[in-house]
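Visitor: Sharing model27.pdb (PDB, C-alpha atoms) below.
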```pdb
ATOM      1  CA  MET A   1       3.511  20.217   8.280
ATOM      2  CA  ARG A   2       6.107  20.613   5.526
ATOM      3  CA  PHE A   3       5.537  19.887   1.847
ATOM      4  CA  VAL A   4       8.305  18.010   0.018
ATOM      5  CA  SER A   5       8.439  18.479  -3.747
ATOM      6  CA  ASN A   6       9.451  15.448  -5.801
ATOM      7  CA  LYS A   7      10.516  17.736  -8.662
ATOM      8  CA  GLY A   8       8.032  16.194 -11.086
ATOM      9  CA  ILE A   9       9.696  12.743 -11.029
ATOM     10  CA  THR A  10       7.500   9.990 -12.475
ATOM     11  CA  ASP A  11       9.861   7.039 -11.869
ATOM     12  CA  PRO A  12       8.089   4.845  -9.268
ATOM     13  CA  ALA A  13      11.344   3.472  -7.841
ATOM     14  CA  LEU A  14      12.568   6.997  -7.125
ATOM     15  CA  ASN A  15       9.248   8.164  -5.722
ATOM     16  CA  LEU A  16       8.976   5.234  -3.319
ATOM     17  CA  ALA A  17      12.608   5.711  -2.320
ATOM     18  CA  LEU A  18      11.909   9.392  -1.661
ATOM     19  CA  GLU A  19       8.956   8.503   0.542
ATOM     20  CA  GLU A  20      11.067   6.068   2.572
ATOM     21  CA  TYR A  21      13.926   8.556   2.832
ATOM     22  CA  ILE A  22      11.620  11.248   4.210
ATOM     23  CA  LEU A  23      10.297   8.779   6.773
ATOM     24  CA  ARG A  24      13.669   7.552   7.976
ATOM     25  CA  SER A  25      16.003  10.509   7.485
ATOM     26  CA  LEU A  26      14.291  13.914   7.675
ATOM     27  CA  PRO A  27      13.938  15.646  11.076
ATOM     28  CA  ALA A  28      11.362  13.758  13.132
ATOM     29  CA  GLU A  29       9.937  16.870  14.798
ATOM     30  CA  ASP A  30       8.153  17.836  11.568
ATOM     31  CA  ASP A  31       5.282  16.187   9.698
ATOM     32  CA  TYR A  32       5.575  15.942   5.916
ATOM     33  CA  LEU A  33       3.304  15.791   2.892
ATOM     34  CA  LEU A  34       4.463  14.293  -0.388
ATOM     35  CA  PHE A  35       2.661  14.131  -3.739
ATOM     36  CA  TYR A  36       3.869  12.021  -6.661
ATOM     37  CA  ILE A  37       2.642  10.748 -10.011
ATOM     38  CA  ASN A  38       4.100   7.554 -11.478
ATOM     39  CA  GLU A  39       4.408   6.513 -15.088
ATOM     40  CA  PRO A  40       2.564   3.263 -15.886
ATOM     41  CA  SER A  41       3.437   0.755 -13.175
ATOM     42  CA  ILE A  42       2.102  -1.833 -10.764
ATOM     43  CA  ILE A  43       2.848  -1.116  -7.119
ATOM     44  CA  ILE A  44       2.817  -4.304  -5.058
ATOM     45  CA  GLY A  45       1.906  -4.457  -1.355
ATOM     46  CA  LYS A  46       4.708  -5.373   1.047
ATOM     47  CA  ASN A  47       3.266  -8.797   1.896
ATOM     48  CA  GLN A  48       2.093  -9.874  -1.531
ATOM     49  CA  ASN A  49       3.385 -12.567  -3.875
ATOM     50  CA  THR A  50       4.209 -10.493  -6.950
ATOM     51  CA  VAL A  51       3.924 -13.214  -9.596
ATOM     52  CA  GLU A  52       0.375 -13.984  -8.500
ATOM     53  CA  GLU A  53      -0.760 -10.349  -8.501
ATOM     54  CA  ILE A  54       0.285  -9.244 -11.972
ATOM     55  CA  ASN A  55      -0.648 -10.194 -15.504
ATOM     56  CA  ALA A  56       2.940 -10.938 -16.570
ATOM     57  CA  GLU A  57       2.185 -11.020 -20.294
ATOM     58  CA  TYR A  58       0.504  -7.616 -20.165
ATOM     59  CA  VAL A  59       3.295  -6.176 -18.006
ATOM     60  CA  GLU A  60       5.944  -7.315 -20.465
ATOM     61  CA  ALA A  61       4.046  -6.192 -23.560
ATOM     62  CA  ASN A  62       3.411  -2.726 -22.113
ATOM     63  CA  LYS A  63       6.796  -2.303 -20.384
ATOM     64  CA  LEU A  64       5.214  -1.568 -17.006
ATOM     65  CA  HIS A  65       7.337  -0.988 -13.926
ATOM     66  CA  VAL A  66       6.691  -3.485 -11.144
ATOM     67  CA  VAL A  67       7.777  -2.119  -7.763
ATOM     68  CA  ARG A  68       7.069  -3.314  -4.230
ATOM     69  CA  ARG A  69       6.221  -0.671  -1.615
ATOM     70  CA  LEU A  70       6.847  -0.764   2.138
ATOM     71  CA  SER A  71       3.187  -0.696   3.143
ATOM     72  CA  GLY A  72       0.730  -3.558   3.246
ATOM     73  CA  GLY A  73      -2.502  -3.704   1.290
ATOM     74  CA  GLY A  74      -3.143  -4.793  -2.259
ATOM     75  CA  ALA A  75      -1.518  -4.269  -5.644
ATOM     76  CA  VAL A  76      -2.501  -1.099  -7.510
ATOM     77  CA  TYR A  77      -2.014   0.220 -11.018
ATOM     78  CA  HIS A  78      -0.505   3.701 -11.409
ATOM     79  CA  ASP A  79      -0.259   5.904 -14.462
ATOM     80  CA  LEU A  80       0.109   9.593 -15.258
ATOM     81  CA  GLY A  81      -3.572  10.161 -14.467
ATOM     82  CA  ASN A  82      -3.194   8.942 -10.890
ATOM     83  CA  LEU A  83      -2.099  11.264  -8.085
ATOM     84  CA  ASN A  84      -0.535   9.743  -4.968
ATOM     85  CA  PHE A  85      -0.429  11.488  -1.606
ATOM     86  CA  SER A  86       1.563  10.537   1.486
ATOM     87  CA  PHE A  87       1.363  11.905   5.032
ATOM     88  CA  ILE A  88       4.614  11.120   6.862
ATOM     89  CA  MET A  89       4.863  11.697  10.612
ATOM     90  CA  GLN A  90       5.437  10.317  14.079
ATOM     91  CA  ASP A  91       2.822   7.885  15.348
ATOM     92  CA  GLU A  92       1.611   9.111  18.720
ATOM     93  CA  GLY A  93      -0.030   5.743  19.303
ATOM     94  CA  GLY A  94      -3.445   6.037  17.684
ATOM     95  CA  SER A  95      -2.688   6.753  14.035
ATOM     96  CA  PHE A  96      -1.845   3.340  12.581
ATOM     97  CA  HIS A  97      -5.024   1.772  11.144
ATOM     98  CA  ASN A  98      -6.758   5.167  11.529
ATOM     99  CA  PHE A  99      -7.371   5.813   7.848
ATOM    100  CA  LYS A 100     -10.002   8.442   8.581
ATOM    101  CA  LYS A 101      -7.391  10.753  10.126
ATOM    102  CA  PHE A 102      -5.372  10.863   6.913
ATOM    103  CA  THR A 103      -8.139  10.719   4.322
ATOM    104  CA  GLU A 104     -10.324  13.384   5.928
ATOM    105  CA  PRO A 105      -8.263  16.333   4.559
ATOM    106  CA  VAL A 106      -8.495  14.762   1.099
ATOM    107  CA  VAL A 107     -12.228  14.170   1.429
ATOM    108  CA  LYS A 108     -12.722  17.833   2.434
ATOM    109  CA  ALA A 109     -10.747  19.011  -0.603
ATOM    110  CA  LEU A 110     -12.756  16.759  -2.930
ATOM    111  CA  ARG A 111     -16.050  17.988  -1.527
ATOM    112  CA  LYS A 112     -14.997  21.590  -2.156
ATOM    113  CA  LEU A 113     -14.748  20.539  -5.796
ATOM    114  CA  GLY A 114     -18.241  19.024  -5.696
ATOM    115  CA  VAL A 115     -16.989  15.425  -5.452
ATOM    116  CA  GLU A 116     -19.026  13.687  -2.718
ATOM    117  CA  ALA A 117     -16.316  11.320  -1.503
ATOM    118  CA  GLU A 118     -16.382   9.309   1.720
ATOM    119  CA  LEU A 119     -14.236   6.716   3.483
ATOM    120  CA  THR A 120     -15.768   3.258   3.152
ATOM    121  CA  GLY A 121     -14.803  -0.214   4.297
ATOM    122  CA  ARG A 122     -11.283  -0.634   5.531
ATOM    123  CA  ASN A 123      -9.315   1.848   3.479
ATOM    124  CA  ASP A 124     -11.141   3.055   0.346
ATOM    125  CA  LEU A 125     -12.559   6.392  -0.743
ATOM    126  CA  GLN A 126     -15.719   6.118  -2.800
ATOM    127  CA  VAL A 127     -18.207   8.329  -4.564
ATOM    128  CA  GLY A 128     -21.445   6.441  -4.192
ATOM    129  CA  GLU A 129     -20.631   2.819  -5.032
ATOM    130  CA  ARG A 130     -17.507   3.653  -7.040
ATOM    131  CA  LYS A 131     -13.966   3.598  -5.686
ATOM    132  CA  ILE A 132     -11.659   6.538  -6.420
ATOM    133  CA  SER A 133      -8.893   5.878  -3.879
ATOM    134  CA  GLY A 134      -7.163   3.085  -1.993
ATOM    135  CA  ASN A 135      -4.978   3.716   1.051
ATOM    136  CA  ALA A 136      -2.201   1.898   2.905
ATOM    137  CA  GLN A 137       0.122   2.473   5.853
ATOM    138  CA  PHE A 138       3.608   1.599   7.098
ATOM    139  CA  HIS A 139       5.015   1.866  10.617
ATOM    140  CA  THR A 140       8.577   1.687  11.918
ATOM    141  CA  LYS A 141      10.228   2.803  15.153
ATOM    142  CA  GLY A 142       7.434   5.147  16.197
ATOM    143  CA  LYS A 143       7.134   6.777  12.765
ATOM    144  CA  MET A 144       4.714   6.046   9.959
ATOM    145  CA  PHE A 145       3.279   7.098   6.667
ATOM    146  CA  SER A 146      -0.250   6.820   5.386
ATOM    147  CA  HIS A 147      -0.473   7.056   1.619
ATOM    148  CA  GLY A 148      -3.151   6.707  -0.995
ATOM    149  CA  THR A 149      -3.990   6.800  -4.655
ATOM    150  CA  LEU A 150      -6.365   9.280  -6.238
ATOM    151  CA  LEU A 151      -7.679   8.076  -9.582
ATOM    152  CA  PHE A 152      -8.025  11.364 -11.392
ATOM    153  CA  ASP A 153      -7.886  10.510 -15.076
ATOM    154  CA  SER A 154      -6.402   7.006 -15.221
ATOM    155  CA  GLU A 155      -6.859   4.486 -18.015
ATOM    156  CA  ILE A 156      -9.338   2.241 -16.229
ATOM    157  CA  GLU A 157      -9.024  -0.526 -18.812
ATOM    158  CA  ASN A 158      -5.331  -0.776 -17.998
ATOM    159  CA  VAL A 159      -6.167  -1.181 -14.314
ATOM    160  CA  VAL A 160      -8.251  -4.196 -15.295
ATOM    161  CA  SER A 161      -5.703  -5.681 -17.686
ATOM    162  CA  ALA A 162      -2.549  -5.258 -15.580
ATOM    163  CA  LEU A 163      -3.754  -6.935 -12.372
ATOM    164  CA  LYS A 164      -5.037 -10.382 -11.529
ATOM    165  CA  VAL A 165      -8.120  -9.621  -9.481
ATOM    166  CA  ASN A 166      -8.901 -11.891  -6.530
ATOM    167  CA  ALA A 167     -12.598 -12.633  -6.844
ATOM    168  CA  GLU A 168     -12.905 -13.084  -3.059
ATOM    169  CA  LYS A 169     -12.399  -9.349  -2.624
ATOM    170  CA  TYR A 170     -15.633  -8.656  -4.486
ATOM    171  CA  VAL A 171     -17.888 -11.372  -3.093
ATOM    172  CA  SER A 172     -19.562  -9.031  -0.611
ATOM    173  CA  LYS A 173     -19.670  -5.999  -2.876
ATOM    174  CA  ALA A 174     -22.814  -4.730  -4.519
ATOM    175  CA  THR A 175     -21.061  -4.620  -7.876
ATOM    176  CA  LYS A 176     -18.848  -7.492  -8.906
ATOM    177  CA  SER A 177     -16.397  -6.262 -11.514
ATOM    178  CA  ILE A 178     -13.483  -3.919 -11.100
ATOM    179  CA  ARG A 179     -14.675  -2.014 -14.179
ATOM    180  CA  SER A 180     -17.928  -1.063 -12.524
ATOM    181  CA  ARG A 181     -16.421  -0.434  -9.083
ATOM    182  CA  VAL A 182     -13.679   2.088  -9.937
ATOM    183  CA  ALA A 183     -14.042   5.589 -11.311
ATOM    184  CA  ASN A 184     -11.992   8.651 -12.130
ATOM    185  CA  ILE A 185     -12.451  11.804 -10.077
ATOM    186  CA  SER A 186     -12.614  13.795 -13.308
ATOM    187  CA  GLU A 187     -15.994  12.174 -14.021
ATOM    188  CA  PHE A 188     -17.503  13.964 -11.009
ATOM    189  CA  LEU A 189     -15.991  17.442 -11.405
ATOM    190  CA  GLN A 190     -18.308  20.331 -12.161
ATOM    191  CA  GLU A 191     -15.536  22.081 -14.137
ATOM    192  CA  PRO A 192     -12.737  20.279 -16.003
ATOM    193  CA  MET A 193      -9.150  20.587 -14.784
ATOM    194  CA  THR A 194      -5.795  18.925 -15.404
ATOM    195  CA  VAL A 195      -4.178  16.557 -12.920
ATOM    196  CA  GLU A 196      -1.595  19.280 -12.228
ATOM    197  CA  GLN A 197      -4.355  21.779 -11.382
ATOM    198  CA  PHE A 198      -6.008  19.137  -9.219
ATOM    199  CA  CYS A 199      -2.731  18.604  -7.370
ATOM    200  CA  GLU A 200      -2.354  22.343  -6.691
ATOM    201  CA  THR A 201      -5.970  22.595  -5.504
ATOM    202  CA  LEU A 202      -5.546  19.638  -3.156
ATOM    203  CA  LEU A 203      -2.310  21.041  -1.730
ATOM    204  CA  ALA A 204      -3.849  24.471  -1.103
ATOM    205  CA  SER A 205      -6.896  22.942   0.585
ATOM    206  CA  ILE A 206      -4.911  20.709   2.932
ATOM    207  CA  PHE A 207      -2.725  23.572   4.147
ATOM    208  CA  GLU A 208      -5.633  26.022   4.283
ATOM    209  CA  ASP A 209      -7.495  23.652   6.628
ATOM    210  CA  GLY A 210      -4.290  23.435   8.659
ATOM    211  CA  GLY A 211      -4.303  27.195   9.068
ATOM    212  CA  GLY A 212      -1.534  28.310   6.773
ATOM    213  CA  GLU A 213       0.362  28.377   3.495
ATOM    214  CA  PRO A 214       2.392  25.354   2.338
ATOM    215  CA  GLN A 215       5.805  25.318   4.014
ATOM    216  CA  VAL A 216       8.310  23.633   1.701
ATOM    217  CA  TYR A 217      11.146  21.415   2.906
ATOM    218  CA  GLU A 218      13.993  21.759   0.402
ATOM    219  CA  LEU A 219      15.980  18.588  -0.168
ATOM    220  CA  THR A 220      19.727  19.033  -0.594
ATOM    221  CA  ASP A 221      21.901  17.481  -3.304
ATOM    222  CA  SER A 222      23.094  15.039  -0.639
ATOM    223  CA  ASP A 223      19.493  14.098   0.139
ATOM    224  CA  TRP A 224      18.842  13.356  -3.515
ATOM    225  CA  GLU A 225      22.018  11.274  -3.794
ATOM    226  CA  ASN A 226      20.765   9.136  -0.922
ATOM    227  CA  VAL A 227      17.328   8.817  -2.508
ATOM    228  CA  HIS A 228      18.883   7.582  -5.768
ATOM    229  CA  LYS A 229      21.077   5.145  -3.835
ATOM    230  CA  LEU A 230      18.047   3.735  -2.007
ATOM    231  CA  ALA A 231      16.091   3.447  -5.249
ATOM    232  CA  ASN A 232      18.901   1.436  -6.838
ATOM    233  CA  GLU A 233      19.558  -0.791  -3.850
ATOM    234  CA  ARG A 234      15.962  -1.590  -2.936
ATOM    235  CA  TYR A 235      13.304  -0.477  -5.382
ATOM    236  CA  ARG A 236      15.070  -1.562  -8.566
ATOM    237  CA  SER A 237      16.183  -4.947  -7.221
ATOM    238  CA  TRP A 238      14.600  -8.227  -8.293
ATOM    239  CA  GLU A 239      14.976  -9.612  -4.766
ATOM    240  CA  TRP A 240      12.805  -6.831  -3.312
ATOM    241  CA  ASN A 241      10.221  -6.583  -6.077
ATOM    242  CA  TYR A 242       9.736 -10.281  -6.775
ATOM    243  CA  GLY A 243      11.596 -12.317  -4.184
ATOM    244  CA  ARG A 244      10.710 -15.973  -4.145
ATOM    245  CA  SER A 245       7.879 -18.227  -3.082
ATOM    246  CA  PRO A 246       9.018 -21.362  -1.234
ATOM    247  CA  ALA A 247       8.015 -24.857  -2.259
ATOM    248  CA  PHE A 248       4.862 -25.801  -0.371
ATOM    249  CA  ASN A 249       2.491 -28.681   0.140
ATOM    250  CA  VAL A 250      -0.017 -26.948   2.411
ATOM    251  CA  GLN A 251      -1.785 -23.818   1.213
ATOM    252  CA  GLN A 252      -4.676 -21.880   2.711
ATOM    253  CA  ARG A 253      -6.286 -18.872   1.051
ATOM    254  CA  LYS A 254      -8.939 -16.972   2.913
ATOM    255  CA  ARG A 255     -10.384 -13.495   3.289
ATOM    256  CA  ILE A 256     -11.053 -12.352   6.842
ATOM    257  CA  GLU A 257     -13.519  -9.473   6.926
ATOM    258  CA  GLY A 258     -11.968  -6.301   8.299
ATOM    259  CA  VAL A 259      -8.464  -7.779   8.218
ATOM    260  CA  GLY A 260      -7.644  -8.718   4.633
ATOM    261  CA  THR A 261      -6.925 -11.572   2.275
ATOM    262  CA  PHE A 262      -4.371 -14.187   3.358
ATOM    263  CA  ASP A 263      -2.393 -16.793   1.429
ATOM    264  CA  VAL A 264      -0.446 -18.992   3.851
ATOM    265  CA  ARG A 265       1.971 -21.580   2.450
ATOM    266  CA  LEU A 266       3.810 -24.250   4.380
ATOM    267  CA  GLN A 267       6.279 -26.938   3.383
ATOM    268  CA  VAL A 268       5.596 -29.778   5.805
ATOM    269  CA  GLU A 269       7.890 -32.800   5.919
ATOM    270  CA  ASP A 270       7.591 -35.682   8.384
ATOM    271  CA  GLY A 271       5.033 -33.704  10.353
ATOM    272  CA  VAL A 272       7.311 -30.674  10.795
ATOM    273  CA  VAL A 273       7.054 -27.239   9.132
ATOM    274  CA  LYS A 274      10.285 -26.832   7.163
ATOM    275  CA  GLU A 275       9.489 -23.493   5.543
ATOM    276  CA  ALA A 276       6.640 -20.981   5.568
ATOM    277  CA  ALA A 277       5.488 -17.922   3.638
ATOM    278  CA  ILE A 278       2.621 -15.562   4.422
ATOM    279  CA  PHE A 279       1.194 -13.400   1.665
ATOM    280  CA  GLY A 280      -1.741 -11.021   1.715
ATOM    281  CA  ASP A 281      -3.096  -7.480   1.706
ATOM    282  CA  TYR A 282      -3.335  -7.096   5.493
ATOM    283  CA  PHE A 283      -1.878  -4.164   7.458
ATOM    284  CA  GLY A 284       0.440  -4.769  10.391
ATOM    285  CA  ARG A 285       3.152  -2.860  12.184
ATOM    286  CA  GLY A 286       5.533  -5.815  12.220
ATOM    287  CA  ASP A 287       7.140  -7.798   9.408
ATOM    288  CA  SER A 288       5.139 -10.978   8.886
ATOM    289  CA  ALA A 289       8.318 -12.720   7.699
ATOM    290  CA  GLU A 290       9.185 -12.910  11.403
ATOM    291  CA  VAL A 291       6.071 -15.008  12.004
ATOM    292  CA  ALA A 292       6.930 -17.241   9.054
ATOM    293  CA  ALA A 293      10.385 -17.798  10.560
ATOM    294  CA  LYS A 294       8.821 -18.776  13.903
ATOM    295  CA  LEU A 295       6.689 -21.405  12.164
ATOM    296  CA  ALA A 296       9.730 -23.143  10.689
ATOM    297  CA  GLY A 297      10.749 -26.098  12.830
ATOM    298  CA  LYS A 298       7.394 -26.438  14.602
ATOM    299  CA  ARG A 299       5.370 -29.650  14.573
ATOM    300  CA  TYR A 300       2.404 -29.391  12.253
ATOM    301  CA  ASP A 301      -0.328 -30.207  14.718
ATOM    302  CA  ALA A 302      -3.013 -28.188  16.453
ATOM    303  CA  ALA A 303      -1.414 -28.235  19.900
ATOM    304  CA  SER A 304       2.001 -27.027  18.721
ATOM    305  CA  LEU A 305       0.617 -24.340  16.449
ATOM    306  CA  ARG A 306      -1.807 -23.128  19.111
ATOM    307  CA  GLU A 307       1.036 -22.873  21.638
ATOM    308  CA  LEU A 308       3.135 -20.889  19.183
ATOM    309  CA  SER A 309       0.241 -18.612  18.201
ATOM    310  CA  ALA A 310      -0.505 -17.783  21.834
ATOM    311  CA  ALA A 311       3.051 -16.455  22.165
ATOM    312  CA  ILE A 312       2.798 -14.175  19.122
ATOM    313  CA  ASP A 313       1.236 -10.700  19.111
ATOM    314  CA  LEU A 314      -0.861 -11.466  16.048
ATOM    315  CA  PRO A 315      -2.492  -7.986  15.721
ATOM    316  CA  TYR A 316       1.001  -6.449  15.673
ATOM    317  CA  TYR A 317       1.787  -8.388  12.505
ATOM    318  CA  PHE A 318      -1.603  -8.715  10.810
ATOM    319  CA  GLY A 319      -4.070  -6.197  12.226
ATOM    320  CA  PRO A 320      -7.317  -7.129  14.057
ATOM    321  CA  ILE A 321      -7.117 -10.911  13.683
ATOM    322  CA  THR A 322      -8.069 -13.373  16.434
ATOM    323  CA  GLU A 323      -6.071 -16.434  17.424
ATOM    324  CA  GLU A 324      -8.823 -18.723  16.155
ATOM    325  CA  GLN A 325      -8.928 -16.962  12.786
ATOM    326  CA  TRP A 326      -5.155 -17.312  12.515
ATOM    327  CA  LEU A 327      -5.198 -21.012  13.383
ATOM    328  CA  GLU A 328      -7.838 -21.618  10.709
ATOM    329  CA  LEU A 329      -5.310 -20.304   8.205
ATOM    330  CA  LEU A 330      -2.699 -22.827   9.336
ATOM    331  CA  LEU A 331      -4.728 -26.016   9.792
TER     332      LEU A 331
END
```
Can the structure from this file be put into structure tokens for me?
Guide:
Amino acid sequence: MRFVSNKGITDPALNLALEEYILRSLPAEDDYLLFYINEPSIIIGKNQNTVEEINAEYVEANKLHVVRRLSGGGAVYHDLGNLNFSFIMQDEGGSFHNFKKFTEPVVKALRKLGVEAELTGRNDLQVGERKISGNAQFHTKGKMFSHGTLLFDSEIENVVSALKVNAEKYVSKATKSIRSRVANISEFLQEPMTVEQFCETLLASIFEDGGGEPQVYELTDSDWENVHKLANERYRSWEWNYGRSPAFNVQQRKRIEGVGTFDVRLQVEDGVVKEAAIFGDYFGRGDSAEVAAKLAGKRYDAASLRELSAAIDLPYYFGPITEEQWLELLL
């Protein structure tokens, strides 16, 4: 595994562009590890409807960045007290949706520091009942990354204020509010340290468990030019970060346990689906916009939608969802 330094950049558009560039452009025979810290920002999941995830008034007042990432999952708040890690590698076939594989090195490092973390639910790290990390994944052409947040010393109140929290996500939790569910890692440390020291400790632990010293991959000036170009073309564009939500007259919102929260919107005219949009925090290998495109032009009745659904590899786009669960979202 090779470590890629982001040179201390805290611009979320550049950091997400760097992550994508490593995935798509660096030699595929190596695995890579990237750390980055973002200045105050909201990072939106690939399949989410941005305007419904953020507190727009708070975002404007506090000049927060709003940037969409490539991976699925939910919206998260980042600030200078939050460390992000990303494992970037080829997918040999069993890595996508295997969050344990990528969080285990982090859990080991935390436990060395006396922080009793464990993977819980679909993709969270918790200490007891309190969440310290959320994780997400992206897959393309046999390659993938699995990345996560590590709340080290974040302003928890800003996490609460910046996001619109979907109450459905907390219905089955022992504690109901985001304030009581999240925690900073610094609260559990036996000895205080800075986020920079924490980053160095985590890096050393991951490579030590891998049997060696960190091997650094040095990006060239040309690499950085391409990263900046990608940041400008994708991660700073309104079309990517906000996009648009189509007009709709049918809407279904539902949380499917073990899969995620869905928000399916259809514009149905004269019994035919004219336009569709699928939002949510699910994880799939494929782009769910392809499924939305397949819905357009189909009759809005059970038989037609069932026939279409049977021809679609639903887990490829949405994770472990059944055909019946999917149809309940449409009808």
Visitor: For the file shown, report as a ChimeraX atom specification the outcome of the PyMOL selection byres ((chain A and resi 254-256) around 9) at residue level.
Guide: /A:168-169,252-253,257-264,321,325,329
Visitor: Between A:Asp153, A:Phe3, A:Glu19, A:Asp223, which residue has the minimum interatomic distance to Ala204 (chain A), considering all atoms listed in the file?
Guide: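 Between A:Asp153, A:Phe3, A:Glu19, A:Asp223, the residue approaching Ala204 (chain A) most closely is A:Phe3.
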Visitor: Report as a PyMOL selection string the residues that result from applying the PyMOL selection byres ((chain A and resi 313) around 12) to the structure here.
Guide: chain A and resi 284-288+290-291+308-312+314-323+326
Visitor: To test your reading of the syntax: which residues would the PyMOL selection byres ((chain A and resi 244) around 12) return for the file shown? Reply as a PyMOL selection string.
Guide: chain A and resi 47-52+238-243+245-247+276-279
Visitor: Grab the CA of Glu29 (chain A) to CA of Pro214 (chain A) distance for me, in Å with one decimal place.
Guide: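 Pair CA of Glu29 (chain A) / CA of Pro214 (chain A) returns 16.9 Å.
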Visitor: Where's the centre, and what are the edge lengths in Å to one decimal, of a box along x, y and z enclosing all listed atoms of region 110-113 of chain A padded 8 Å per side, as AutoDock Vina command-line options?
Guide:
```
--center_x -14.4 --center_y 19.2 --center_z -3.7 --size_x 19.3 --size_y 20.8 --size_z 20.3
```
